[in-house]
Amino acid sequence: MAGDVKNIAIIGANKEGLKLLPVLLGDSRTRVCVIADPNKDAMIFKLKELGYRVAPNHRINVTTDLNEIKKIQGLDIIVNALQDQATEKFLEAPEFKDIEKLGPLSTRLIWGVRASAPHEGLGQDKSHEQTNLLTSFREIVDAVRLTIDRKELLSVILKLATESTRAERGSIMLLTDEKMLRVEIAKGMDDEVIRKIRVPMGEGISGRVAASGKALLISGKARTEEFARPMERSDVKSAMCVPLVVNGEIIGVINVSSSESTHVFTNEDLNFLTSLAALAAEVIHRSNEYEKLRVDSAKFSFWKEVDTLMSSHLPLDKRLTTVARKLVEIVPGLTCFIYIFDDDSGRLMLQASSIRDSKGLGQMSLRAGEGLEWASLETMSDVFLVDRTEHGQIKRVYLTLPMVAKGQLVGTLNGQVIAPKGLSVYHESFLKDIRTLLADSVWKHKQSEREKMRSRKMFAVDEAGLETISIKDTRKLVTIIATTPAAILGAEGSLLRIKQAGSKRFQTAATFGLDDKSVREYFLPFEKETVMEVLRRREAVTREFSEEASPYIRSILSRPLFVNDEVVGVLSMFNKTGDNTLFPSAFSKHDMDILARFSVYAEKGLANVLTAAPKEVKRDSLEAVPSPLSIFEQKVEQELNRARRIDKGLVLATVRIAGLKDMGSARAAFESGIIGNIRKKTRSFDVVIRLNEETFGFLFLDTDEKVPRLLNSITEIVSIDDSFRRIFAEGKADVLYGFAMFPREGDSFAELFAKASNRVKLDMNKPRDSETDRLGKWLQ
């Protein structure tokens, strides 16, 4: 019937395209409408000059204008014999969205199958038909060059396997170097699902066939206890799985399945699929070897070039930008981004891009948990996401490859691929290998830069230290001690406290970066807590705060200064910024080493003057001993010893009311109200102590369920007074809380207090019951 005739357009008047004419014109079910080739020197035009023409009765339009194809009404198939980038781009036009596109190999094979298949009627011998299909496939495979696209080759094999057995679904899975079966191509499955499937040898139906080398025919639902795999389909009524074997070695499997209850595969189908697999395995193996050889050659050349580039003395960003732009020349449709992990700030910093105007992006960075890049770092695994564009034939692949060297994260290689065939398995493997090379190069660069920076800072410390030792003026000495390490380490500010002669008080002797009153008010409460910890432990202490808990003070490093084994001063610095970024970061062990080296000079300078800080410095002072923290520590240690003896638990909690000192006349009423309310909700033997102006410490004995009551009390007093509600609603005050349970979260005061000092913000807008219930669940 006329309605069954397929209208075909051929792009390419070259040898590959013209060789298809006898096959297509010999089939009454097809009609070639046009042969188009933009190259005026193509074979068909040269033949025309010699007097050879396509017979008029075929009514084929021969043209150099590809747009003629868009004018054909009822076009069914486009055969792309050129297969160049320009033609692929032309075929992305929306006019061709629903038109089937084939390559020369697919066309020859499909029409070879059609020629051997019955045109009508059901009386044909099925086994004879399948024998003809195999013969056709063998002839075509022997004639074809293995330089064709590997994806097309696999597509042709799968198409023959599913159509000749009338299967609804099918897949070809090949064995990876890790002895896992990976889906290379599939029919009836989503692309993103395909990319994620990995089947170990011996597991599931395909894994068992690959392990045993024996074909398998299943009728009815497979027994789950025998073929347990999470991705098996329950609607499959019949299935076959056949191994791909080359020289006795398993390279993969072919799967086909059907959900129709009336269609059950037979032993004839299994024998056919087995014969097809034997032929297919050889051509896949040869194609794999050729593709691997081609990719390895390109990889080796690229590696040499990249290795030379990464070993040059160019800045790292210029080296990586060159690499990114070279990668897009190799991987079709790739846009490449390279992020470097900044150890100081804990952020991924955009270092290079294949985009020409990437400078317009500025200093782009990603915090922990932001973007696809951090999603891959949570498990340190490669991430690939596949999507389709509005043009159904075009695939978009997002990828993130963590770069790890010597067990350390150094960055990520990211990209977006937009191409008709997505990202091939060989280009994926290529990017993974290049990622490893880049990781090693970046790691070496970071190590070199770190050593250079350390040397520069040590030199600066020694230079300033020699000057420090020679200073006799006390005021100048304390100023140098306060400012020098802060400048070297990149701290926003610092404060030096000196122990007063004949007293246990430590007074502020010099500051740096604390001229702003608001900065002092934010910093001093944290500094006092840290100094108390330093005096208690007689060693350096570092603290880091989340943005939620402390938006202004993010990190503190505090160190004692000794003269004759006595602590005579404490130097505290805050808000370090990274060497290469403007973002806040934690003080590192390297920073502590730098400060320890400077402290040697500072202590010698202090020993030389051996005097107290200037008496005229009348600033906020701190009682060294006994302090509220020391009293609290002694009480906690006593109760810990008792709790161990009677096998009971206890909870240590801290609550900071940020902004309490700014409440003015409302402060006294608020303090008395909240403490009184807390006292009503606690027992007489529970401990409540004020650690500083804004922070309270709590010790709940013989229990692990008192923290919800504590928070309930705080929110209750806020909720019943309009003035308090307004203070919190306007952001003038916040409640930050933290707690730790013995013995579950610590066995000593240091462990429990450190965890309890890691506070989070209490949400005053939530109902008290829900907040209490939530914390209650934590404590269960």
# chains A, B, ... in the order shown; residues from 1 in each chain; ligands from 1
call {"tool": "select_by_dssp", "arguments": {"residues": "range 242-329 of chain A", "states": "strand (DSSP E)", "output": "NGL selection string"}}
result
:A and (242-246 or 249-258)
call {"tool": "write_last_selection", "arguments": {"atoms": "C-alpha atoms", "output": "PDB file, in the first residue's frame"}}
result
ATOM      1  CA  VAL A 242      23.347 -14.131  26.041  1.00  0.00           C
ATOM      2  CA  PRO A 243      27.084 -13.683  26.712  1.00  0.00           C
ATOM      3  CA  LEU A 244      29.406 -11.848  24.304  1.00  0.00           C
ATOM      4  CA  VAL A 245      32.495 -14.064  24.015  1.00  0.00           C
ATOM      5  CA  VAL A 246      35.741 -13.418  22.126  1.00  0.00           C
ATOM      6  CA  GLU A 249      36.863 -14.265  27.144  1.00  0.00           C
ATOM      7  CA  ILE A 250      33.577 -12.697  28.280  1.00  0.00           C
ATOM      8  CA  ILE A 251      33.366  -9.040  27.191  1.00  0.00           C
ATOM      9  CA  GLY A 252      29.690  -8.440  27.989  1.00  0.00           C
ATOM     10  CA  VAL A 253      26.087  -9.608  27.487  1.00  0.00           C
ATOM     11  CA  ILE A 254      23.057  -8.883  25.292  1.00  0.00           C
ATOM     12  CA  ASN A 255      19.681  -8.662  27.102  1.00  0.00           C
ATOM     13  CA  VAL A 256      16.207  -8.656  25.522  1.00  0.00           C
ATOM     14  CA  SER A 257      12.848  -8.849  27.298  1.00  0.00           C
ATOM     15  CA  SER A 258       9.119  -8.660  26.692  1.00  0.00           C
TER      16      SER A 258
END
call {"tool": "closest_residue", "arguments": {"among": "A:Arg536, A:Arg644, A:Lys504, A:Arg497", "to": "Leu561 in chain A", "atoms": "only C-alpha atoms"}}
result
A:Arg497
call {"tool": "closest_residue", "arguments": {"among": "A:Ala278, A:Lys304, A:Ala602, A:Phe265", "to": "Ser164 in chain A", "atoms": "only C-alpha atoms"}}
result
A:Phe265
call {"tool": "closest_residue", "arguments": {"among": "A:Ile284, A:Ala460, A:Val519, A:Met180", "to": "Lys151 in chain A", "atoms": "only C-alpha atoms"}}
result
A:Ile284
call {"tool": "residues_around", "arguments": {"residues": "Met532 in chain A", "least_positions_apart": "3", "cutoff": "12 Å", "atoms": "only C-alpha atoms", "output": "PyMOL selection string"}}
result
chain A and resi 497+505-506+525-529+535-541+558-560+570+572+622-633+691-692
call {"tool": "atom_distance", "arguments": {"atom1": "CA of Glu449 in chain A", "atom2": "CA of Glu305 in chain A"}}
result
22.8 Å
call {"tool": "atom_distance", "arguments": {"atom1": "CA of Val563 in chain A", "atom2": "CA of Thr511 in chain A"}}
result
21.0 Å
call {"tool": "residues_around", "arguments": {"residues": "range 341-353 of chain A", "least_positions_apart": "6", "cutoff": "6 Å", "atoms": "only C-alpha atoms", "output": "MDAnalysis selection string"}}
result
chainID A and resid 317 320:321 324 364:367 410:411 578 585
call {"tool": "write_last_selection", "arguments": {"atoms": "C-alpha atoms", "output": "compact mmCIF listing (two decimals), in the first residue's frame"}}
result
# COMPACT_ATOMS: atom_id res chain seq x y z
CA ASP A 317 45.01 29.92 36.57
CA LEU A 320 44.40 25.46 33.96
CA THR A 321 42.57 27.79 31.56
CA ALA A 324 40.20 23.64 29.91
CA MET A 364 33.29 32.77 42.05
CA SER A 365 33.26 30.26 44.92
CA LEU A 366 31.06 27.52 46.34
CA ARG A 367 30.57 26.90 50.05
CA VAL A 410 42.53 19.49 45.60
CA GLY A 411 39.52 20.49 43.48
CA GLY A 578 42.88 32.98 53.38
CA SER A 585 38.73 30.81 57.39
call {"tool": "residues_around", "arguments": {"residues": "Asn564 in chain A", "least_positions_apart": "5", "cutoff": "12 Å", "atoms": "only C-alpha atoms", "output": "VMD selection string"}}
result
chain A and resid 603 to 604 606 to 608 610
call {"tool": "write_last_selection", "arguments": {"atoms": "C-alpha atoms", "output": "mmCIF file, in the first residue's frame"}}
result
data_model
loop_
_atom_site.group_PDB
_atom_site.id
_atom_site.type_symbol
_atom_site.label_atom_id
_atom_site.label_comp_id
_atom_site.auth_asym_id
_atom_site.auth_seq_id
_atom_site.Cartn_x
_atom_site.Cartn_y
_atom_site.Cartn_z
ATOM 1 C CA GLU A 603 58.599 36.176 75.379
ATOM 2 C CA LYS A 604 62.250 37.215 75.233
ATOM 3 C CA LEU A 606 58.794 40.674 77.658
ATOM 4 C CA ALA A 607 61.461 39.061 79.830
ATOM 5 C CA ASN A 608 63.809 41.918 78.983
ATOM 6 C CA LEU A 610 59.949 42.534 82.908
#
call {"tool": "residues_around", "arguments": {"residues": "Asn758 in chain A", "least_positions_apart": "3", "cutoff": "12 Å", "atoms": "only C-alpha atoms", "output": "PyMOL selection string"}}
result
chain A and resi 526+543-550+554+653-656+736-740+751-755+761
call {"tool": "write_last_selection", "arguments": {"atoms": "N, CA and C atoms", "output": "compact mmCIF listing (two decimals), in the first residue's frame"}}
result
# COMPACT_ATOMS: atom_id res chain seq x y z
N PHE A 526 33.69 36.46 73.06
CA PHE A 526 34.36 35.25 72.60
C PHE A 526 35.81 35.22 73.08
N ARG A 543 39.43 28.39 67.90
CA ARG A 543 37.97 28.20 67.86
C ARG A 543 37.46 28.67 66.51
N GLU A 544 36.44 27.97 66.03
CA GLU A 544 35.82 28.33 64.76
C GLU A 544 34.31 28.36 64.97
N PHE A 545 33.64 29.34 64.37
CA PHE A 545 32.20 29.52 64.57
C PHE A 545 31.50 29.53 63.22
N SER A 546 30.32 28.92 63.19
CA SER A 546 29.53 28.93 61.96
C SER A 546 28.95 30.32 61.73
N GLU A 547 28.57 30.59 60.50
CA GLU A 547 28.00 31.89 60.17
C GLU A 547 26.69 32.11 60.90
N GLU A 548 25.95 31.02 61.14
CA GLU A 548 24.68 31.13 61.85
C GLU A 548 24.90 31.48 63.32
N ALA A 549 25.89 30.84 63.94
CA ALA A 549 26.15 31.08 65.36
C ALA A 549 26.82 32.43 65.61
N SER A 550 27.69 32.84 64.68
CA SER A 550 28.40 34.10 64.87
C SER A 550 28.70 34.71 63.50
N ARG A 554 34.31 34.76 63.20
CA ARG A 554 34.25 33.41 62.64
C ARG A 554 35.37 32.50 63.14
N ALA A 653 25.26 22.45 79.41
CA ALA A 653 24.70 23.32 78.37
C ALA A 653 25.23 24.74 78.54
N THR A 654 25.34 25.45 77.44
CA THR A 654 25.68 26.88 77.48
C THR A 654 24.67 27.64 76.63
N VAL A 655 24.29 28.81 77.12
CA VAL A 655 23.36 29.69 76.40
C VAL A 655 23.95 31.08 76.35
N ARG A 656 24.07 31.62 75.16
CA ARG A 656 24.55 32.99 75.01
C ARG A 656 23.41 33.85 74.47
N LEU A 736 21.68 31.84 71.40
CA LEU A 736 22.49 30.76 70.85
C LEU A 736 22.70 29.71 71.94
N TYR A 737 22.49 28.46 71.60
CA TYR A 737 22.58 27.42 72.63
C TYR A 737 23.40 26.25 72.12
N GLY A 738 23.97 25.53 73.06
CA GLY A 738 24.68 24.29 72.76
C GLY A 738 24.68 23.40 73.98
N PHE A 739 24.77 22.10 73.79
CA PHE A 739 24.78 21.20 74.95
C PHE A 739 25.52 19.93 74.59
N ALA A 740 25.93 19.21 75.61
CA ALA A 740 26.62 17.93 75.44
C ALA A 740 26.20 17.00 76.58
N GLU A 751 35.99 18.04 76.82
CA GLU A 751 35.21 17.51 75.68
C GLU A 751 33.78 18.04 75.72
N LEU A 752 33.15 17.98 76.89
CA LEU A 752 31.76 18.41 77.00
C LEU A 752 31.61 19.91 76.77
N PHE A 753 32.51 20.70 77.35
CA PHE A 753 32.40 22.15 77.21
C PHE A 753 32.68 22.59 75.77
N ALA A 754 33.63 21.90 75.11
CA ALA A 754 33.92 22.24 73.71
C ALA A 754 32.70 22.01 72.84
N LYS A 755 32.01 20.90 73.05
CA LYS A 755 30.81 20.63 72.25
C LYS A 755 29.68 21.58 72.62
N LYS A 761 21.74 28.84 66.64
CA LYS A 761 20.74 29.87 66.92
C LYS A 761 19.39 29.24 67.22
call {"tool": "residues_around", "arguments": {"residues": "Leu652 in chain A", "least_positions_apart": "4", "cutoff": "12 Å", "atoms": "only C-alpha atoms", "output": "VMD selection string"}}
result
chain A and resid 632 to 633 635 to 637 639 to 640 686 to 689 696 to 707 710 737 to 757
call {"tool": "closest_residue", "arguments": {"among": "A:Thr577, A:Thr468, A:Gln83, A:Thr335", "to": "Gly493 in chain A", "atoms": "only C-alpha atoms"}}
result
A:Thr577
call {"tool": "closest_residue", "arguments": {"among": "A:Thr474, A:Thr530, A:Ser588, A:Ser311", "to": "Lys444 in chain A", "atoms": "only C-alpha atoms"}}
result
A:Ser311
call {"tool": "closest_residue", "arguments": {"among": "A:Val331, A:Ile205, A:Ile11, A:Leu174", "to": "His427 in chain A", "atoms": "only C-alpha atoms"}}
result
A:Val331
